[in-house]
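The file upload_25.cif contains mmCIF, C-alpha atoms:
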data_coords
loop_
_atom_site.group_PDB
_atom_site.id
_atom_site.type_symbol
_atom_site.label_atom_id
_atom_site.label_comp_id
_atom_site.auth_asym_id
_atom_site.auth_seq_id
_atom_site.Cartn_x
_atom_site.Cartn_y
_atom_site.Cartn_z
ATOM 1 C CA MET A 405 -1.902 -7.749 -43.642
ATOM 2 C CA ASN A 406 -4.059 -7.375 -40.556
ATOM 3 C CA LEU A 407 -2.313 -5.779 -37.590
ATOM 4 C CA ILE A 408 -3.634 -7.173 -34.309
ATOM 5 C CA SER A 409 -3.086 -5.214 -31.109
ATOM 6 C CA LEU A 410 -2.074 -7.512 -28.251
ATOM 7 C CA ALA A 411 -1.230 -4.795 -25.722
ATOM 8 C CA ASP A 412 -0.188 -1.164 -25.564
ATOM 9 C CA ASN A 413 2.627 -0.658 -28.082
ATOM 10 C CA LEU A 414 2.570 -4.290 -29.223
ATOM 11 C CA TRP A 415 1.069 -5.686 -32.442
ATOM 12 C CA THR A 416 1.339 -8.819 -34.559
ATOM 13 C CA ALA A 417 0.573 -9.710 -38.155
ATOM 14 C CA THR A 418 0.453 -13.168 -39.704
ATOM 15 C CA GLN A 419 0.549 -14.577 -43.207
ATOM 16 C CA PRO A 420 0.555 -18.036 -44.791
ATOM 17 C CA LEU A 421 3.883 -19.834 -45.113
ATOM 18 C CA ARG A 422 4.561 -23.385 -46.232
ATOM 19 C CA PHE A 423 7.502 -25.357 -44.878
ATOM 20 C CA LEU A 424 8.252 -28.927 -45.912
ATOM 21 C CA GLY A 425 4.824 -29.062 -47.539
ATOM 22 C CA LEU A 426 2.966 -27.932 -44.416
ATOM 23 C CA GLU A 427 1.095 -24.694 -43.850
ATOM 24 C CA VAL A 428 2.856 -23.450 -40.711
ATOM 25 C CA GLY A 429 2.110 -19.744 -41.127
ATOM 26 C CA THR A 430 4.422 -17.072 -39.805
ATOM 27 C CA ARG A 431 4.051 -14.096 -37.480
ATOM 28 C CA MET A 432 5.694 -10.684 -37.409
ATOM 29 C CA VAL A 433 5.806 -8.712 -34.165
ATOM 30 C CA VAL A 434 5.735 -4.909 -34.083
ATOM 31 C CA VAL A 435 6.969 -3.153 -30.944
ATOM 32 C CA ARG A 436 6.665 0.591 -30.395
ATOM 33 C CA LEU A 437 9.370 2.172 -28.261
ATOM 34 C CA ASN A 438 9.691 5.684 -26.878
ATOM 35 C CA GLN A 439 9.108 8.553 -29.303
ATOM 36 C CA ASP A 440 7.109 6.257 -31.613
ATOM 37 C CA ASP A 441 10.142 4.301 -32.817
ATOM 38 C CA LEU A 442 9.118 0.892 -34.184
ATOM 39 C CA ILE A 443 10.833 -2.501 -34.237
ATOM 40 C CA LEU A 444 9.765 -5.190 -36.708
ATOM 41 C CA ILE A 445 10.720 -8.698 -35.556
ATOM 42 C CA SER A 446 10.623 -11.319 -38.334
ATOM 43 C CA PRO A 447 9.267 -9.061 -41.098
ATOM 44 C CA ILE A 448 6.674 -10.692 -43.345
ATOM 45 C CA ARG A 449 5.947 -9.871 -46.991
ATOM 46 C CA LEU A 450 4.567 -6.333 -47.078
ATOM 47 C CA GLU A 451 2.436 -4.455 -49.592
ATOM 48 C CA GLU A 452 2.200 -0.675 -49.976
ATOM 49 C CA SER A 453 -0.957 -0.612 -47.873
ATOM 50 C CA ASP A 454 0.874 -2.525 -45.141
ATOM 51 C CA VAL A 455 3.658 0.047 -45.114
ATOM 52 C CA ALA A 456 1.051 2.766 -44.620
ATOM 53 C CA ALA A 457 -0.598 0.848 -41.771
ATOM 54 C CA ILE A 458 2.738 0.383 -40.030
ATOM 55 C CA GLY A 459 3.628 4.019 -40.640
ATOM 56 C CA ALA A 460 0.466 5.082 -38.827
ATOM 57 C CA LEU A 461 1.929 3.508 -35.674
ATOM 58 C CA GLY A 462 5.285 5.258 -35.812
ATOM 59 C CA THR A 463 8.640 5.259 -37.593
ATOM 60 C CA VAL A 464 10.366 1.951 -38.310
ATOM 61 C CA ARG A 465 13.841 2.238 -36.770
ATOM 62 C CA HIS A 466 14.846 -1.426 -36.410
ATOM 63 C CA LEU A 467 14.387 -4.552 -38.541
ATOM 64 C CA ILE A 468 15.241 -7.872 -36.895
ATOM 65 C CA ALA A 469 15.973 -11.315 -38.304
ATOM 66 C CA PRO A 470 15.948 -13.227 -34.995
ATOM 67 C CA ASN A 471 17.475 -16.504 -36.203
ATOM 68 C CA LEU A 472 19.034 -18.142 -39.255
ATOM 69 C CA PHE A 473 15.664 -18.965 -40.818
ATOM 70 C CA HIS A 474 13.374 -15.944 -40.416
ATOM 71 C CA HIS A 475 15.029 -13.753 -43.017
ATOM 72 C CA LEU A 476 12.883 -14.456 -46.090
ATOM 73 C CA PHE A 477 11.396 -10.965 -46.297
ATOM 74 C CA LEU A 478 14.179 -8.999 -44.607
ATOM 75 C CA LYS A 479 15.635 -7.662 -47.845
ATOM 76 C CA GLN A 480 12.226 -6.429 -48.962
ATOM 77 C CA ALA A 481 11.750 -4.731 -45.581
ATOM 78 C CA GLN A 482 15.148 -3.066 -46.002
ATOM 79 C CA SER A 483 14.028 -1.585 -49.305
ATOM 80 C CA LEU A 484 10.753 -0.369 -47.793
ATOM 81 C CA PHE A 485 12.378 1.118 -44.690
ATOM 82 C CA PRO A 486 15.855 2.161 -45.909
ATOM 83 C CA THR A 487 16.726 4.240 -42.831
ATOM 84 C CA ALA A 488 16.043 1.408 -40.364
ATOM 85 C CA LYS A 489 18.909 -0.343 -38.599
ATOM 86 C CA VAL A 490 19.071 -3.999 -39.617
ATOM 87 C CA TRP A 491 19.818 -6.625 -36.975
ATOM 88 C CA GLY A 492 20.586 -10.283 -37.487
ATOM 89 C CA VAL A 493 22.377 -13.226 -35.943
ATOM 90 C CA GLU A 494 25.813 -14.718 -36.391
ATOM 91 C CA GLY A 495 26.076 -16.786 -39.547
ATOM 92 C CA LEU A 496 23.197 -15.109 -41.368
ATOM 93 C CA VAL A 497 25.368 -13.196 -43.850
ATOM 94 C CA ASP A 498 27.386 -16.353 -44.510
ATOM 95 C CA LYS A 499 24.122 -18.118 -45.319
ATOM 96 C CA CYS A 500 22.678 -15.185 -47.297
ATOM 97 C CA PRO A 501 25.527 -13.079 -48.746
ATOM 98 C CA ASP A 502 23.057 -10.685 -50.387
ATOM 99 C CA LEU A 503 21.867 -9.474 -46.973
ATOM 100 C CA GLU A 504 23.488 -6.477 -45.315
ATOM 101 C CA LEU A 505 23.356 -6.206 -41.524
ATOM 102 C CA ASP A 506 24.144 -3.225 -39.327
ATOM 103 C CA ALA A 507 24.404 -5.100 -36.025
ATOM 104 C CA LEU A 508 24.342 -8.579 -34.497
ATOM 105 C CA LEU A 509 22.128 -9.945 -31.729
ATOM 106 C CA ASN A 510 25.069 -11.839 -30.249
ATOM 107 C CA GLN A 511 24.852 -10.760 -26.617
ATOM 108 C CA ILE A 512 22.353 -9.738 -23.947
ATOM 109 C CA GLY A 513 20.845 -6.320 -24.605
ATOM 110 C CA ASN A 514 17.709 -4.210 -24.778
ATOM 111 C CA PHE A 515 16.004 -1.484 -26.750
ATOM 112 C CA ASP A 516 15.167 1.608 -24.682
ATOM 113 C CA GLU A 517 14.751 -0.503 -21.522
ATOM 114 C CA GLU A 518 11.487 -1.753 -23.059
ATOM 115 C CA LEU A 519 12.431 -4.786 -25.148
ATOM 116 C CA ASP A 520 15.026 -7.178 -23.737
ATOM 117 C CA TYR A 521 16.802 -9.799 -25.832
ATOM 118 C CA PHE A 522 19.475 -12.454 -25.580
ATOM 119 C CA PRO A 523 20.884 -15.338 -27.651
ATOM 120 C CA PHE A 524 19.188 -18.670 -26.917
ATOM 121 C CA GLU A 525 22.289 -20.836 -27.175
ATOM 122 C CA GLY A 526 22.667 -24.501 -28.066
ATOM 123 C CA PHE A 527 19.333 -24.709 -29.876
ATOM 124 C CA GLY A 528 19.096 -26.303 -33.308
ATOM 125 C CA THR A 529 16.910 -28.402 -35.546
ATOM 126 C CA ILE A 530 17.052 -31.118 -38.183
ATOM 127 C CA LEU A 531 16.546 -29.991 -41.775
ATOM 128 C CA PRO A 532 16.578 -32.031 -44.990
ATOM 129 C CA GLY A 533 20.310 -31.346 -45.228
ATOM 130 C CA GLY A 534 21.023 -32.433 -41.656
ATOM 131 C CA ALA A 535 21.236 -30.878 -38.192
ATOM 132 C CA SER A 536 21.743 -27.120 -37.974
ATOM 133 C CA LEU A 537 22.028 -24.571 -35.195
ATOM 134 C CA ALA A 538 19.321 -21.931 -35.346
ATOM 135 C CA ASN A 539 21.186 -19.097 -33.565
ATOM 136 C CA GLU A 540 17.911 -18.108 -31.939
ATOM 137 C CA THR A 541 17.171 -14.841 -30.170
ATOM 138 C CA VAL A 542 14.363 -14.475 -27.625
ATOM 139 C CA PHE A 543 12.722 -11.233 -26.521
ATOM 140 C CA LEU A 544 10.789 -9.854 -23.555
ATOM 141 C CA HIS A 545 8.379 -6.954 -23.976
ATOM 142 C CA ARG A 546 8.464 -5.688 -20.419
ATOM 143 C CA SER A 547 5.323 -3.589 -20.137
ATOM 144 C CA SER A 548 3.003 -6.281 -21.527
ATOM 145 C CA ARG A 549 4.913 -9.150 -19.873
ATOM 146 C CA SER A 550 5.142 -10.899 -23.250
ATOM 147 C CA LEU A 551 7.770 -13.434 -24.291
ATOM 148 C CA ILE A 552 8.446 -13.247 -28.038
ATOM 149 C CA LEU A 553 9.776 -16.427 -29.672
ATOM 150 C CA THR A 554 10.682 -17.522 -33.166
ATOM 151 C CA ASP A 555 11.305 -21.264 -33.495
ATOM 152 C CA THR A 556 12.064 -22.106 -29.856
ATOM 153 C CA ALA A 557 8.448 -23.207 -29.313
ATOM 154 C CA PHE A 558 5.349 -23.805 -31.431
ATOM 155 C CA ASN A 559 1.683 -23.817 -30.433
ATOM 156 C CA PHE A 560 -0.670 -25.724 -32.755
ATOM 157 C CA ASP A 561 -4.061 -27.171 -31.821
ATOM 158 C CA GLU A 562 -7.389 -28.160 -33.402
ATOM 159 C CA GLU A 563 -7.629 -24.748 -35.080
ATOM 160 C CA SER A 564 -4.808 -25.812 -37.411
ATOM 161 C CA SER A 565 -5.276 -27.683 -40.683
ATOM 162 C CA TRP A 566 -5.634 -31.441 -40.362
ATOM 163 C CA GLU A 567 -2.229 -31.883 -42.027
ATOM 164 C CA MET A 568 -0.625 -29.607 -39.451
ATOM 165 C CA GLN A 569 -2.435 -31.378 -36.616
ATOM 166 C CA LEU A 570 -1.128 -34.749 -37.799
ATOM 167 C CA ALA A 571 2.396 -33.379 -38.162
ATOM 168 C CA ALA A 572 2.277 -31.783 -34.718
ATOM 169 C CA GLN A 573 1.111 -35.057 -33.176
ATOM 170 C CA ALA A 574 3.840 -37.035 -34.947
ATOM 171 C CA LEU A 575 6.532 -34.529 -33.992
ATOM 172 C CA GLY A 576 5.491 -34.208 -30.352
ATOM 173 C CA PHE A 577 4.157 -30.672 -30.056
ATOM 174 C CA TYR A 578 0.389 -30.935 -30.606
ATOM 175 C CA LYS A 579 -1.555 -28.847 -28.067
ATOM 176 C CA ALA A 580 1.660 -28.018 -26.216
ATOM 177 C CA LEU A 581 3.855 -24.916 -26.212
ATOM 178 C CA ARG A 582 7.206 -26.490 -27.007
ATOM 179 C CA PRO A 583 9.654 -27.388 -29.769
ATOM 180 C CA SER A 584 9.344 -30.566 -31.819
ATOM 181 C CA TYR A 585 11.342 -33.780 -31.883
ATOM 182 C CA LEU A 586 13.346 -32.216 -34.715
ATOM 183 C CA GLU A 587 14.656 -29.536 -32.350
ATOM 184 C CA LYS A 588 15.042 -32.008 -29.508
ATOM 185 C CA TRP A 589 17.199 -34.283 -31.661
ATOM 186 C CA GLY A 590 18.914 -31.441 -33.518
ATOM 187 C CA SER A 591 20.114 -29.450 -30.488
ATOM 188 C CA PRO A 592 23.645 -30.687 -29.772
ATOM 189 C CA ASP A 593 24.250 -28.965 -26.453
ATOM 190 C CA LYS A 594 21.354 -29.445 -24.054
ATOM 191 C CA GLU A 595 23.365 -27.865 -21.219
ATOM 192 C CA LYS A 596 23.563 -24.575 -23.122
ATOM 193 C CA VAL A 597 19.866 -24.831 -23.915
ATOM 194 C CA GLU A 598 19.078 -25.319 -20.235
ATOM 195 C CA VAL A 599 21.105 -22.241 -19.290
ATOM 196 C CA SER A 600 19.119 -20.265 -21.849
ATOM 197 C CA VAL A 601 15.804 -21.661 -20.616
ATOM 198 C CA ARG A 602 16.620 -20.753 -17.032
ATOM 199 C CA HIS A 603 17.465 -17.235 -18.167
ATOM 200 C CA VAL A 604 14.047 -16.983 -19.836
ATOM 201 C CA LEU A 605 12.338 -18.249 -16.681
ATOM 202 C CA GLU A 606 13.955 -15.424 -14.709
ATOM 203 C CA TRP A 607 11.992 -12.960 -16.828
ATOM 204 C CA ASP A 608 8.562 -11.725 -15.757
ATOM 205 C CA PHE A 609 6.147 -12.819 -18.480
ATOM 206 C CA ASP A 610 2.658 -14.259 -18.734
ATOM 207 C CA SER A 611 1.866 -14.294 -22.462
ATOM 208 C CA VAL A 612 3.939 -15.994 -25.162
ATOM 209 C CA ILE A 613 4.013 -14.947 -28.811
ATOM 210 C CA PRO A 614 5.437 -17.693 -31.064
ATOM 211 C CA ALA A 615 6.188 -17.187 -34.748
ATOM 212 C CA HIS A 616 4.221 -20.336 -35.607
ATOM 213 C CA GLY A 617 0.913 -21.268 -34.009
ATOM 214 C CA ASN A 618 -1.387 -19.520 -31.574
ATOM 215 C CA VAL A 619 -0.487 -16.802 -29.094
ATOM 216 C CA VAL A 620 -0.698 -17.879 -25.447
ATOM 217 C CA GLU A 621 -2.523 -14.991 -23.801
ATOM 218 C CA THR A 622 -2.034 -16.075 -20.185
ATOM 219 C CA GLY A 623 -0.275 -18.838 -18.278
ATOM 220 C CA GLY A 624 2.519 -18.863 -20.824
ATOM 221 C CA LYS A 625 5.379 -19.068 -18.355
ATOM 222 C CA ALA A 626 4.162 -22.351 -16.879
ATOM 223 C CA GLN A 627 3.542 -23.743 -20.365
ATOM 224 C CA PHE A 628 6.997 -22.712 -21.581
ATOM 225 C CA LYS A 629 8.588 -24.321 -18.523
ATOM 226 C CA ALA A 630 6.651 -27.555 -19.019
ATOM 227 C CA GLY A 631 7.587 -27.626 -22.687
ATOM 228 C CA TYR A 632 11.272 -27.404 -21.925
ATOM 229 C CA GLU A 633 11.076 -29.955 -19.154
ATOM 230 C CA TRP A 634 9.859 -32.291 -21.905
ATOM 231 C CA PHE A 635 12.645 -31.104 -24.201
ATOM 232 C CA LEU A 636 15.392 -31.537 -21.583
ATOM 233 C CA GLY A 637 13.933 -34.651 -19.989
ATOM 234 C CA HIS A 638 13.988 -33.421 -16.396
ATOM 235 C CA SER A 639 12.411 -30.948 -13.982
ATOM 236 C CA LEU A 640 13.420 -27.301 -13.966
ATOM 237 C CA ASP A 641 12.152 -26.628 -10.458
ATOM 238 C CA GLU A 642 15.599 -26.369 -8.877
ATOM 239 C CA ASP A 643 17.083 -22.900 -8.672
ATOM 240 C CA VAL A 644 14.363 -21.321 -10.768
#
Target encoding structure tokens, full file:
Amino acid sequence: MNLISLADNLWTATQPLRFLGLEVGTRMVVVRLNQDDLILISPIRLEESDVAAIGALGTVRHLIAPNLFHHLFLKQAQSLFPTAKVWGVEGLVDKCPDLELDALLNQIGNFDEELDYFPFEGFGTILPGGASLANETVFLHRSSRSLILTDTAFNFDEESSWEMQLAAQALGFYKALRPSYLEKWGSPDKEKVEVSVRHVLEWDFDSVIPAHGNVVETGGKAQFKAGYEWFLGHSLDEDV
């Protein structure tokens, strides 16, 4: 694991991950709060050396599974950081009965007035078994003006493998910060999605950190807005 510092008190780490035969990769975000308390959003697979590297930053107090899909390494993280509070979303324990959660991300909240979060409602996707809600959570790291996303937008370009580039082109998100056709078709309540998008656009952010694809270092708010205008099929200029 290679921790990359994006801003004061904000790091990411990536690792390979295959989904539906494609190398999509996945990204964990580490946020340091007051008194060196750490939050791990979407924990990745960790080795002993990784635990030491994270420990050099502070004490892990919170582990977060931000949607119904980014839980693959949560149980391992629980064993590595047994005193951390474990957060998840509604439906996660039903999906994975072996997971134990301490709290749900089912309403608007924040951690130490530094990391805001809220449920991104109405958003889903199409999986091999059919359409499914994702129960997404989105985050704002205030001091760095960074929006932290899981599967609500991807960002793949020519740096990706040729297979991923072809898939991104076919699914409508190549060289664009936005979801794919699978999310567009698999989200049953676009009105709820729009309410969530407008909430995000009220936040003050410039960079965007997706779980899959490249980080948008600047200009992310305009790109996120454009991506969801495509998703919703209309302008978001009114009342924003």
>> Using all atoms listed in the file, can you tell me which of A:Asp520, A:Glu540, A:Glu563, A:Glu525 comes closest to A:Leu496?
In response: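 Of A:Asp520, A:Glu540, A:Glu563, A:Glu525, the one nearest A:Leu496 is A:Glu540, counting all atoms listed in the file.
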>> Using only C-alpha atoms, can you tell me which of A:Gln419, A:Ser446, A:Thr529, A:Ser591 comes closest to A:Phe543?
In response: A:Ser446
> Once the PyMOL selection byres ((chain A and resi 459) around 12) has been applied to the shown file, what residues remain in the selection, as JSON, numbers by chain?
Replying inline: {"A": [407, 434, 436, 440, 441, 442, 443, 444, 452, 453, 454, 455, 456, 457, 458, 460, 461, 462, 463, 464, 465, 484, 485]}
Given the selection you just returned, output its residues as a file containing C-alpha atoms, formatted as a compact mmCIF listing (two decimals), in the frame of the given file.
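Wrote it out as result32.txt, contents follow:
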# COMPACT_ATOMS: atom_id res chain seq x y z
CA LEU A 407 -2.31 -5.78 -37.59
CA VAL A 434 5.74 -4.91 -34.08
CA ARG A 436 6.66 0.59 -30.40
CA ASP A 440 7.11 6.26 -31.61
CA ASP A 441 10.14 4.30 -32.82
CA LEU A 442 9.12 0.89 -34.18
CA ILE A 443 10.83 -2.50 -34.24
CA LEU A 444 9.76 -5.19 -36.71
CA GLU A 452 2.20 -0.68 -49.98
CA SER A 453 -0.96 -0.61 -47.87
CA ASP A 454 0.87 -2.52 -45.14
CA VAL A 455 3.66 0.05 -45.11
CA ALA A 456 1.05 2.77 -44.62
CA ALA A 457 -0.60 0.85 -41.77
CA ILE A 458 2.74 0.38 -40.03
CA ALA A 460 0.47 5.08 -38.83
CA LEU A 461 1.93 3.51 -35.67
CA GLY A 462 5.28 5.26 -35.81
CA THR A 463 8.64 5.26 -37.59
CA VAL A 464 10.37 1.95 -38.31
CA ARG A 465 13.84 2.24 -36.77
CA LEU A 484 10.75 -0.37 -47.79
CA PHE A 485 12.38 1.12 -44.69
>> Which residues would end up in the selection if the PyMOL selection byres ((chain A and resi 633) around 12) were applied here, given that I need the answer as a PyMOL selection string?
In response: chain A and resi 580-583+588+594+597-598+601-602+626-632+634-642
>> Restricting the calculation to all atoms listed in the file: of A:Leu519, A:Leu450, A:Ala538, A:Ala469, which residue gets closest to A:Ala507?
In response: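 Closest candidate: A:Ala469.
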>> I'd like the contact shell of A:Ile552 - 7 Å cut-off, only C-alpha atoms, skipping same-chain residues fewer than 6 positions apart - returned as a VMD selection string.
In response: chain A and resid 542 to 544 612 to 614
> If you measure from atom CA of A:Leu437 to atom CA of A:Glu517, what distance in Å do you get, rounded to one decimal?
Replying inline: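 Answer for the atom CA of A:Leu437 to atom CA of A:Glu517 separation: 9.0 Å.
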